[in-house]
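Undergrad: mmCIF, C-alpha atoms, file query18.cif:
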```cif
data_data
#
loop_
_atom_site.label_atom_id
_atom_site.label_comp_id
_atom_site.auth_asym_id
_atom_site.auth_seq_id
_atom_site.Cartn_x
_atom_site.Cartn_y
_atom_site.Cartn_z
CA MET A 192 0.00 0.00 0.00
CA ALA A 193 1.31 3.50 -0.92
CA ARG A 194 2.05 6.01 1.79
CA ILE A 195 0.12 9.27 1.95
CA ASP A 196 3.28 11.36 1.42
CA ASP A 197 4.52 9.24 -1.50
CA GLU A 198 5.32 11.65 -4.36
CA ARG A 199 5.44 9.04 -7.18
CA PRO A 200 2.84 9.35 -9.97
CA VAL A 201 -0.41 7.51 -9.44
CA GLU A 202 0.23 5.28 -12.48
CA ASP A 203 3.38 3.95 -10.81
CA LEU A 204 1.60 3.28 -7.52
CA VAL A 205 -1.40 1.44 -8.92
CA THR A 206 -0.76 -1.99 -10.39
CA PRO A 207 -2.56 -2.49 -13.70
CA ALA A 208 -5.39 -5.04 -13.66
CA GLY A 209 -3.64 -7.36 -16.13
CA ALA A 210 -0.43 -7.43 -14.14
CA ARG A 211 -2.38 -8.05 -10.93
CA ALA A 212 -4.19 -10.98 -12.56
CA GLY A 213 -0.85 -12.40 -13.69
CA GLN A 214 0.51 -12.23 -10.15
CA VAL A 215 -2.57 -13.97 -8.78
CA ALA A 216 -2.29 -16.73 -11.38
CA SER A 217 1.40 -17.21 -10.66
CA ALA A 218 0.71 -17.45 -6.93
CA SER A 219 -2.10 -19.97 -7.51
CA ALA A 220 0.21 -22.14 -9.62
CA GLY A 221 2.87 -22.10 -6.89
CA VAL A 222 5.36 -20.08 -9.00
CA PRO A 223 7.32 -17.49 -6.98
CA THR A 224 6.71 -13.98 -8.24
CA GLY A 225 10.11 -12.70 -7.12
CA GLN A 226 8.49 -9.78 -5.29
CA ALA A 227 9.65 -9.04 -1.77
CA GLY A 228 6.08 -8.91 -0.50
CA VAL A 229 5.09 -12.33 -1.82
CA PRO A 230 5.09 -15.01 0.94
CA GLY A 231 6.15 -17.77 -1.47
CA ALA A 232 9.37 -15.97 -2.26
CA ARG A 233 10.14 -15.55 1.45
CA ARG A 234 9.59 -19.25 2.14
CA SER A 235 11.82 -20.18 -0.78
CA ARG A 236 14.68 -18.14 0.57
CA THR A 237 14.16 -19.55 4.06
CA ARG A 238 14.34 -23.17 2.89
CA GLY A 239 17.47 -22.52 0.92
CA GLY A 240 19.03 -20.45 3.68
CA LEU A 241 19.17 -21.38 7.35
CA ARG A 242 17.52 -24.81 7.05
CA GLY A 243 19.64 -25.73 4.08
CA ARG A 244 22.83 -24.76 5.89
CA GLU A 245 21.75 -26.83 8.94
CA GLY A 246 21.21 -29.88 6.76
CA THR A 247 24.60 -29.46 5.10
CA ALA A 248 26.31 -29.01 8.45
CA GLY A 249 24.59 -32.15 9.77
CA TRP A 250 25.85 -34.26 6.86
CA ILE A 251 29.35 -32.89 7.33
CA PHE A 252 29.35 -33.87 11.02
CA VAL A 253 28.10 -37.44 10.41
CA ALA A 254 30.19 -38.01 7.27
CA PRO A 255 33.28 -39.35 9.14
CA MET A 256 31.22 -41.97 10.98
CA ILE A 257 29.37 -42.94 7.79
CA ILE A 258 32.71 -43.39 6.02
CA ILE A 259 34.15 -45.45 8.89
CA LEU A 260 31.07 -47.69 9.11
CA GLY A 261 31.08 -48.08 5.36
CA LEU A 262 34.75 -49.06 5.18
CA PHE A 263 34.89 -51.36 8.20
CA LEU A 264 31.32 -52.70 8.44
CA VAL A 265 29.16 -52.41 5.34
CA ILE A 266 31.85 -53.24 2.76
CA PRO A 267 33.24 -56.25 4.71
CA ILE A 268 29.70 -57.63 5.15
CA GLY A 269 29.11 -57.28 1.42
CA MET A 270 32.42 -59.00 0.67
CA ALA A 271 31.60 -61.84 3.06
CA LEU A 272 28.21 -62.28 1.41
CA TRP A 273 29.92 -62.54 -1.96
CA VAL A 274 32.43 -65.07 -0.61
CA SER A 275 29.56 -67.23 0.69
CA PHE A 276 28.54 -67.82 -2.94
CA THR A 277 32.05 -68.87 -4.04
CA ASN A 278 34.58 -71.60 -3.33
CA TRP A 279 37.30 -69.13 -2.37
CA GLN A 280 40.20 -70.73 -0.48
CA GLY A 281 42.03 -67.58 0.56
CA ASN A 282 45.02 -67.76 -1.80
CA THR A 283 43.65 -65.64 -4.66
CA ASN A 284 41.56 -62.57 -5.23
CA PRO A 285 37.99 -63.53 -4.22
CA PHE A 286 36.61 -61.29 -6.99
CA ALA A 287 38.80 -62.79 -9.73
CA VAL A 288 36.24 -65.27 -11.01
CA GLY A 289 37.85 -68.05 -13.01
CA GLN A 290 41.33 -67.45 -11.58
CA GLY A 291 41.18 -69.77 -8.59
CA THR A 292 37.72 -68.61 -7.48
CA ASP A 293 34.46 -69.94 -8.92
CA VAL A 294 30.89 -68.93 -8.20
CA VAL A 295 29.03 -71.93 -6.77
CA GLY A 296 25.72 -70.23 -6.04
CA LEU A 297 23.80 -71.65 -3.10
CA LYS A 298 25.96 -74.77 -2.81
CA ASN A 299 27.62 -73.62 0.42
CA TYR A 300 24.17 -73.14 1.95
CA THR A 301 22.64 -76.37 0.68
CA ASP A 302 25.64 -78.30 1.99
CA LEU A 303 24.69 -77.14 5.49
CA PHE A 304 21.13 -78.46 5.30
CA ALA A 305 20.59 -80.93 2.47
CA ARG A 306 23.86 -82.74 1.69
CA ASP A 307 25.09 -85.66 3.79
CA GLY A 308 28.61 -85.16 5.02
CA LEU A 309 30.85 -83.93 7.78
CA THR A 310 30.01 -80.28 7.11
CA ARG A 311 26.30 -80.75 7.76
CA ASP A 312 26.90 -83.06 10.72
CA ASN A 313 29.20 -80.58 12.43
CA PHE A 314 27.00 -77.59 11.67
CA MET A 315 23.82 -79.25 12.90
CA GLN A 316 25.60 -80.39 16.05
CA SER A 317 26.78 -76.84 16.66
CA ILE A 318 23.22 -75.55 16.14
CA GLY A 319 21.89 -78.09 18.63
CA ASN A 320 24.58 -77.22 21.18
CA THR A 321 23.92 -73.50 20.84
CA PHE A 322 20.14 -73.96 21.03
CA TYR A 323 20.42 -75.43 24.53
CA TYR A 324 23.11 -72.91 25.40
CA VAL A 325 20.81 -70.00 24.46
CA LEU A 326 17.79 -71.65 26.08
CA LEU A 327 19.56 -71.72 29.43
CA VAL A 328 21.81 -68.67 29.36
CA VAL A 329 19.41 -65.95 28.17
CA PRO A 330 16.58 -66.55 30.69
CA LEU A 331 18.91 -67.25 33.62
CA GLN A 332 21.19 -64.26 33.06
CA THR A 333 18.15 -61.99 32.55
CA VAL A 334 16.45 -63.16 35.76
CA LEU A 335 19.70 -62.98 37.73
CA ALA A 336 20.51 -59.50 36.41
CA LEU A 337 17.02 -58.23 37.25
CA GLY A 338 17.19 -59.77 40.73
CA LEU A 339 20.57 -58.17 41.42
CA ALA A 340 19.31 -54.82 40.12
CA LEU A 341 16.27 -54.93 42.41
CA LEU A 342 18.53 -55.87 45.31
CA VAL A 343 21.13 -53.13 44.92
CA ASN A 344 18.48 -50.54 43.99
CA ASN A 345 16.78 -51.00 47.35
CA SER A 346 17.30 -47.86 49.43
CA MET A 347 17.29 -49.95 52.62
CA LEU A 348 20.42 -51.87 51.55
CA LYS A 349 23.62 -50.64 53.12
CA GLY A 350 26.80 -50.59 51.08
CA ARG A 351 25.02 -50.49 47.75
CA SER A 352 28.07 -49.13 45.95
CA PHE A 353 30.17 -52.03 47.18
CA PHE A 354 27.66 -54.63 46.00
CA ARG A 355 27.25 -52.97 42.61
CA THR A 356 31.00 -53.05 42.10
CA ALA A 357 31.27 -56.64 43.30
CA PHE A 358 28.47 -57.88 41.03
CA TYR A 359 29.80 -55.94 38.04
CA PHE A 360 33.46 -56.89 38.49
CA PRO A 361 33.31 -60.24 36.58
CA SER A 362 31.93 -58.40 33.54
CA VAL A 363 35.02 -56.21 33.18
CA THR A 364 37.47 -59.06 33.69
CA SER A 365 39.01 -60.69 30.64
CA SER A 366 36.86 -63.59 29.46
CA ILE A 367 40.01 -65.49 28.47
CA ALA A 368 41.43 -65.11 31.99
CA ILE A 369 38.19 -66.26 33.61
CA ALA A 370 37.94 -69.23 31.24
CA THR A 371 41.48 -70.25 32.18
CA VAL A 372 40.63 -70.04 35.89
CA PHE A 373 37.55 -72.21 35.32
CA LEU A 374 39.71 -74.80 33.60
CA PHE A 375 41.66 -75.18 36.84
CA LEU A 376 38.58 -75.06 39.07
CA PHE A 377 36.73 -77.79 37.13
CA SER A 378 39.70 -80.02 36.36
CA ASN A 379 39.63 -83.62 37.57
CA THR A 380 41.63 -82.68 40.67
CA GLY A 381 40.34 -79.11 40.89
CA ALA A 382 38.62 -77.21 43.68
CA VAL A 383 35.08 -78.13 42.57
CA ASN A 384 35.67 -81.88 42.70
CA ALA A 385 37.57 -81.49 45.96
CA PHE A 386 34.56 -79.67 47.44
CA LEU A 387 32.16 -82.37 46.20
CA SER A 388 34.33 -85.08 47.75
CA PHE A 389 33.54 -83.67 51.23
CA PHE A 390 29.94 -84.79 50.64
CA GLY A 391 30.95 -88.18 49.29
CA ILE A 392 30.26 -87.20 45.69
CA ASP A 393 32.68 -88.38 43.03
CA GLY A 394 32.76 -85.39 40.69
CA PRO A 395 32.69 -85.96 36.92
CA GLN A 396 35.50 -85.27 34.50
CA TRP A 397 33.92 -81.99 33.54
CA PHE A 398 35.74 -81.19 30.32
CA SER A 399 35.94 -84.82 29.15
CA ASP A 400 32.29 -85.80 29.70
CA SER A 401 30.29 -85.61 26.48
CA ARG A 402 27.05 -86.98 27.95
CA GLY A 403 24.04 -84.72 27.59
CA LEU A 404 22.15 -83.65 30.70
CA LEU A 405 18.81 -84.72 29.20
CA HIS A 406 20.28 -88.10 28.29
CA LEU A 407 21.40 -88.50 31.89
CA ALA A 408 17.89 -87.62 33.07
CA PHE A 409 16.33 -90.10 30.62
CA ASN A 410 18.75 -92.81 31.72
CA ALA A 411 17.82 -92.17 35.35
CA VAL A 412 14.22 -93.21 34.56
CA GLY A 413 15.26 -96.14 32.37
CA VAL A 414 14.97 -94.53 28.93
CA ASP A 415 17.96 -95.09 26.66
CA ASN A 416 17.77 -94.43 22.92
CA PRO A 417 14.19 -95.67 22.41
CA GLY A 418 12.76 -96.64 19.04
CA TRP A 419 10.65 -93.49 18.67
CA ALA A 420 13.83 -91.38 18.80
CA GLN A 421 15.54 -93.06 15.83
CA GLY A 422 14.07 -90.79 13.16
CA GLN A 423 16.41 -88.49 11.27
CA VAL A 424 16.05 -84.69 11.25
CA LEU A 425 18.61 -82.77 9.19
CA GLY A 426 21.08 -85.63 9.40
CA ARG A 427 20.79 -86.19 13.17
CA SER A 428 18.60 -88.59 15.06
CA ILE A 429 15.89 -87.25 17.33
CA TRP A 430 17.75 -88.82 20.26
CA ASP A 431 20.82 -86.73 19.42
CA TRP A 432 18.72 -83.58 19.19
CA LEU A 433 17.30 -84.36 22.63
CA SER A 434 20.69 -84.84 24.25
CA GLY A 435 20.66 -81.48 25.99
CA PRO A 436 23.83 -79.57 26.87
CA SER A 437 26.76 -81.76 27.71
CA VAL A 438 28.48 -81.74 31.08
CA ALA A 439 31.31 -79.73 29.52
CA MET A 440 28.86 -77.22 28.01
CA PHE A 441 27.20 -76.85 31.40
CA VAL A 442 30.45 -75.45 32.81
CA ILE A 443 30.58 -72.88 30.00
CA ILE A 444 26.95 -71.96 30.62
CA PHE A 445 27.69 -71.38 34.31
CA LEU A 446 30.73 -69.27 33.43
CA VAL A 447 28.85 -67.06 30.95
CA ILE A 448 25.91 -66.43 33.27
CA TRP A 449 28.28 -65.38 36.04
CA THR A 450 30.31 -63.02 33.83
CA THR A 451 27.50 -61.32 31.88
CA SER A 452 24.85 -60.72 34.53
CA GLY A 453 26.72 -57.71 35.93
CA THR A 454 26.50 -55.76 32.67
CA PHE A 455 22.77 -56.38 32.31
CA MET A 456 22.31 -55.53 35.99
CA LEU A 457 23.51 -51.98 35.27
CA MET A 458 20.98 -51.65 32.43
CA PHE A 459 18.16 -52.69 34.75
CA ILE A 460 19.41 -50.33 37.48
CA ALA A 461 19.29 -47.42 35.03
CA ALA A 462 15.72 -48.35 34.05
CA LEU A 463 14.60 -48.74 37.67
CA GLN A 464 16.07 -45.40 38.71
CA ASP A 465 14.23 -43.72 35.85
CA LEU A 466 10.83 -44.78 37.20
CA PRO A 467 8.78 -41.94 38.73
CA VAL A 468 8.62 -41.92 42.53
CA GLU A 469 4.87 -41.29 42.32
CA ILE A 470 4.37 -44.76 40.87
CA ASP A 471 5.86 -46.40 43.97
CA GLU A 472 3.80 -44.19 46.24
CA ALA A 473 0.58 -44.99 44.38
CA ALA A 474 1.34 -48.71 44.51
CA ALA A 475 1.99 -48.48 48.26
CA LEU A 476 -1.29 -46.64 48.81
CA ASP A 477 -3.16 -49.32 46.88
CA GLY A 478 -1.72 -51.94 49.22
CA THR A 479 0.07 -53.99 46.56
CA THR A 480 2.51 -56.66 47.62
CA GLY A 481 6.09 -56.75 46.39
CA TRP A 482 5.31 -59.46 43.82
CA GLN A 483 2.21 -57.60 42.55
CA LYS A 484 4.18 -54.40 42.21
CA LEU A 485 6.95 -56.19 40.31
CA ARG A 486 4.55 -57.97 37.97
CA HIS A 487 1.96 -55.27 37.28
CA VAL A 488 3.97 -52.05 37.72
CA THR A 489 7.73 -52.48 37.48
CA LEU A 490 8.06 -54.99 34.64
CA PRO A 491 5.63 -53.22 32.26
CA MET A 492 7.42 -49.91 32.80
CA ILE A 493 10.92 -51.31 32.21
CA LYS A 494 9.87 -53.32 29.15
CA PRO A 495 12.24 -51.37 26.82
CA ALA A 496 15.19 -52.29 29.04
CA LEU A 497 13.97 -55.89 29.17
CA PHE A 498 13.82 -55.98 25.37
CA LEU A 499 17.35 -54.59 25.16
CA VAL A 500 18.76 -57.13 27.62
CA ILE A 501 17.12 -60.10 25.90
CA THR A 502 18.19 -58.90 22.46
CA LEU A 503 21.82 -58.42 23.53
CA GLY A 504 21.68 -61.79 25.25
CA LEU A 505 20.45 -63.52 22.09
CA ILE A 506 23.13 -61.89 19.96
CA GLY A 507 25.91 -62.65 22.42
CA THR A 508 24.95 -66.28 22.98
CA TRP A 509 24.58 -67.13 19.29
CA GLN A 510 27.98 -65.55 18.67
CA VAL A 511 29.85 -67.20 21.56
CA PHE A 512 33.44 -67.87 20.55
CA ASP A 513 36.17 -67.01 23.04
CA GLN A 514 35.06 -69.36 25.82
CA ILE A 515 34.67 -72.20 23.29
CA TYR A 516 38.13 -71.49 21.87
CA VAL A 517 39.82 -71.56 25.26
CA MET A 518 37.86 -74.36 26.91
CA GLY A 519 38.31 -77.21 24.43
CA LYS A 520 37.72 -76.00 20.85
CA GLY A 521 34.55 -78.06 20.59
CA ALA A 522 35.74 -81.05 22.62
CA PRO A 523 34.64 -83.48 23.89
CA ALA A 524 33.13 -85.12 20.79
CA GLY A 525 31.97 -81.80 19.41
CA THR A 526 29.53 -81.18 22.27
CA THR A 527 30.83 -77.64 22.87
CA LEU A 528 30.95 -76.61 19.22
CA SER A 529 29.28 -73.31 18.40
CA PRO A 530 28.46 -71.96 14.91
CA ALA A 531 30.81 -69.02 15.42
CA PHE A 532 33.75 -71.24 16.31
CA LEU A 533 32.89 -73.72 13.54
CA SER A 534 32.76 -70.86 11.02
CA TYR A 535 36.21 -69.73 12.18
CA GLN A 536 37.55 -73.29 12.01
CA GLN A 537 36.07 -73.90 8.57
CA SER A 538 37.52 -70.65 7.21
CA PHE A 539 40.93 -70.31 8.84
CA GLY A 540 41.57 -73.97 9.61
CA ASN A 541 40.20 -75.77 6.55
CA PHE A 542 40.53 -72.76 4.19
CA ARG A 543 36.93 -73.13 3.05
CA TYR A 544 35.99 -69.48 3.36
CA GLY A 545 32.79 -69.83 1.34
CA SER A 546 31.38 -72.46 3.68
CA GLY A 547 32.48 -70.50 6.76
CA ALA A 548 30.82 -67.31 5.49
CA ALA A 549 27.62 -69.23 4.74
CA MET A 550 27.52 -70.47 8.34
CA ALA A 551 27.92 -66.91 9.60
CA PHE A 552 25.00 -65.63 7.51
CA VAL A 553 22.76 -68.52 8.59
CA VAL A 554 23.43 -67.56 12.22
CA PHE A 555 22.71 -63.92 11.31
CA LEU A 556 19.27 -64.91 9.97
CA ILE A 557 18.57 -66.99 13.08
CA ILE A 558 19.35 -63.97 15.29
CA ILE A 559 17.07 -61.72 13.19
CA VAL A 560 14.17 -64.17 13.42
CA LEU A 561 14.54 -64.73 17.18
CA THR A 562 14.82 -61.00 17.83
CA ARG A 563 11.62 -60.38 15.87
CA VAL A 564 9.81 -63.13 17.74
CA GLN A 565 10.79 -61.89 21.19
CA ARG A 566 9.86 -58.32 20.24
CA HIS A 567 6.45 -59.62 19.14
CA VAL A 568 6.02 -61.39 22.48
CA LEU A 569 7.03 -58.35 24.54
CA THR A 570 4.74 -55.96 22.66
CA ASP A 571 1.30 -55.27 24.13
CA LYS A 572 -1.49 -57.19 22.43
CA ASP A 573 -3.29 -54.09 21.22
CA GLU A 574 -0.10 -52.75 19.59
CA ARG A 575 1.22 -55.96 18.00
CA LYS A 576 1.84 -56.11 14.31
CA PRO A 577 1.93 -59.36 12.31
CA LEU A 578 4.98 -61.39 13.28
CA PHE A 579 6.96 -60.88 10.08
CA GLY A 580 5.22 -57.79 8.72
CA LEU A 581 2.65 -59.61 6.57
CA GLY A 582 -0.73 -57.94 6.45
CA GLY A 583 -1.98 -54.89 8.28
CA ARG A 584 -2.10 -53.94 11.93
CA LYS A 585 -4.18 -56.18 14.12
#
```
In structure tokens, what does this structure look like?
TA:
Amino acid sequence: MARIDDERPVEDLVTPAGARAGQVASASAGVPTGQAGVPGARRSRTRGGLRGREGTAGWIFVAPMIIILGLFLVIPIGMALWVSFTNWQGNTNPFAVGQGTDVVGLKNYTDLFARDGLTRDNFMQSIGNTFYYVLLVVPLQTVLALGLALLVNNSMLKGRSFFRTAFYFPSVTSSIAIATVFLFLFSNTGAVNAFLSFFGIDGPQWFSDSRGLLHLAFNAVGVDNPGWAQGQVLGRSIWDWLSGPSVAMFVIIFLVIWTTSGTFMLMFIAALQDLPVEIDEAAALDGTTGWQKLRHVTLPMIKPALFLVITLGLIGTWQVFDQIYVMGKGAPAGTTLSPAFLSYQQSFGNFRYGSGAAMAFVVFLIIIVLTRVQRHVLTDKDERKPLFGLGGRK
């Protein structure tokens, strides 16, 4: 609008009707008019100005981490996936097809499931061993970590800092050092068998006993390799699948639960300390017992921490390697084999890198599936989606 004291001619102050109609049409079509008073032009400059510079600055800050992850994570995973489709033996360029490396397609994967031979037998045995290992370690370390967190988070407990440090200390100690100590403790003449001898118990040869715990339980009630357990599943009899963890694997299970519970305890402590004080006061006013409060108040509110602990537990147990390497390398009779150690042995021991990479990716898929299943279970019923994303929201 022109000012009253504006001395320009009237024709310059009044926009002709045709020009005004053109401006209106341009604004309706979303085309900036270039005039300072047009809002579209102001928004265009704003998007290309401050916001644009913020976006550029953000990419500059995250670029080093993206480059590092790309070089040391994404590219190696892609290379390993390629190797899993070849017969590469490590002495040539894995990408030089026809010069010592041939593409074999899915052969490395089918050998693990459909082809009779030592590769499938060892891999299926390692899967069975790890299944029982995960089945025992993940629930027990989660329950123990939560129990310790509830204990040391109690304001009535004196010396809480001391107990937190004591419970967490095994987690920061070298796993190789602890495994070596356990080798001495559970040796045939070690402290554990010496302690059992006080009660008249002749302790087993822990790291030489390949008997499964379930087999020992079946034998105790007179069941020994019955006819119904002779069927074959993926190259192993049902009786072998039902062996349970061996005596040697039981020692490793005990070791891992003791050394990992401290880390998960800290995660639960952080979640418990983040709970509002008003919740505890309301529960106390309602007259809830300790078990009712834990079940109906505490656990639902720390569900994200519970999901994190179980997920990390699944990943860690399916990837167990160092304890297996130190405490027998799969002995006795392959009852402590794990897929991670078998993949390492197949690649760097037998120089069959394609087969070893295939084992690693099979374990990766198992972890993804189990993580999705446990997330589905922990999600409230009214918020659950289909298990593997098929279909719409329930």
Undergrad: Evaluated on this file, the PyMOL selection byres ((chain A and resi 339) around 12) picks out some residues - which ones are they, written as a PyMOL selection string?
TA: chain A and resi 332-338+340-345+348+351+354-359+449+452-460+463
Undergrad: Which of these residues is nearest to Val294 (chain A), using all atoms listed in the file: A:Val274, A:Leu556, A:Leu407, A:Ala461?
TA: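 Among the listed residues, the smallest separation from Val294 (chain A) belongs to A:Val274.
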Undergrad: For the structure shown, which residues end up in the PyMOL selection byres ((chain A and resi 423-435) around 10)? Put them as a PyMOL selection string, please?
TA: chain A and resi 303-308+311-312+315-316+318-320+322-324+401-409+415-422+436-438+440-441+526
Undergrad: Write out as a list in words which residues come within 12 Å of region 268-271 of chain A when counting all atoms listed in the file, dropping same-chain ones fewer than 4 positions away.
TA: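 With the cut-off at 12 Å, the set is Leu260, Gly261, Leu262, Phe263, Leu264, Ser275, Phe276, Thr277, Trp279, Asn284, Pro285, Phe286, Ser538, Tyr544, Gly545, Ser546, Gly547, Ala548, Ala549, Met550, Ala551, Phe552 and Phe555 of chain A.
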Undergrad: Provide an axis-aligned box for all listed atoms of region 276-279 of chain A, padding each side by 4 Å; report its centre and its edge lengths in Å to one decimal, as AutoDock Vina command-line options.
TA:
```
--center_x 32.9 --center_y -69.7 --center_z -3.2 --size_x 16.8 --size_y 11.8 --size_z 9.7
```
Undergrad: Would you please work out which residue, of A:Thr527, A:Asn299, A:Gln536, A:Ser365, is nearest to Phe398 (chain A) when using all atoms listed in the file?
TA: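 Selected residue with least distance to Phe398 (chain A): A:Thr527.
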Undergrad: Go through A:Ser362, A:Thr450, A:Gln290, A:Thr480 one by one, measure the shortest atom-to-atom distance of each to Val328 (chain A) using all atoms listed in the file, and give the residue with the smallest value.
TA: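 Of A:Ser362, A:Thr450, A:Gln290, A:Thr480, the one nearest Val328 (chain A), counting all atoms listed in the file, is A:Thr450.
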Undergrad: Counting all atoms listed in the file, which residues sit no farther than 6 Å from the position (22.6, -67.1, 23.8) in the file's frame? I'd like them as a PyMOL selection string.
TA: chain A and resi 325+328-329+504-505+507-509
Undergrad: Store the residues picked out above, limited to C-alpha atoms, as an mmCIF file, keeping the file's coordinate frame.
TA:
```
data_model
loop_
_atom_site.group_PDB
_atom_site.id
_atom_site.type_symbol
_atom_site.label_atom_id
_atom_site.label_comp_id
_atom_site.auth_asym_id
_atom_site.auth_seq_id
_atom_site.Cartn_x
_atom_site.Cartn_y
_atom_site.Cartn_z
ATOM 1 C CA VAL A 325 20.810 -70.000 24.460
ATOM 2 C CA VAL A 328 21.810 -68.670 29.360
ATOM 3 C CA VAL A 329 19.410 -65.950 28.170
ATOM 4 C CA GLY A 504 21.680 -61.790 25.250
ATOM 5 C CA LEU A 505 20.450 -63.520 22.090
ATOM 6 C CA GLY A 507 25.910 -62.650 22.420
ATOM 7 C CA THR A 508 24.950 -66.280 22.980
ATOM 8 C CA TRP A 509 24.580 -67.130 19.290
#
```
Undergrad: What is the CA of Gly521 (chain A) to CA of Ile369 (chain A) distance in Å?
TA: 17.9 Å
Undergrad: Evaluate the PyMOL selection byres ((chain A and resi 511) around 9) on the structure here and hand back the selected residues as an NGL selection string.
TA: :A and (321 or 506-510 or 512-515 or 529-532)
Undergrad: How many Å lie between CA of Asp465 (chain A) and CA of Phe498 (chain A), rounded to one decimal?
TA: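 So the two atoms, CA of Asp465 (chain A) and CA of Phe498 (chain A), lie 16.1 Å apart.
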Undergrad: Quick one, how far is CA of Thr562 (chain A) from CA of Val447 (chain A)?
TA: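 Those two atoms sit 20.1 Å apart.
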Undergrad: Tell me which residues come within 7 Å of (24.5, -71.4, 35.6), as a list in words, counting all atoms listed in the file in the file's coordinates.
TA: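 In the file's frame, the residues around the point are Ile444, Phe445, Leu446 and Ile448 of chain A.
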Undergrad: May I ask which of the residues A:Leu327, A:Trp273, A:Tyr535, A:Gln396 is the closest one to Gly381 (chain A), counting all atoms listed in the file?
TA: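 Checking each of A:Leu327, A:Trp273, A:Tyr535, A:Gln396 against Gly381 (chain A), counting all atoms listed in the file, the winner is A:Gln396.
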Undergrad: Find the residue from A:Ile557, A:Leu376, A:Leu569, A:Ala524 that sits nearest to Ile501 (chain A); use all atoms listed in the file when measuring.
TA: A:Leu569
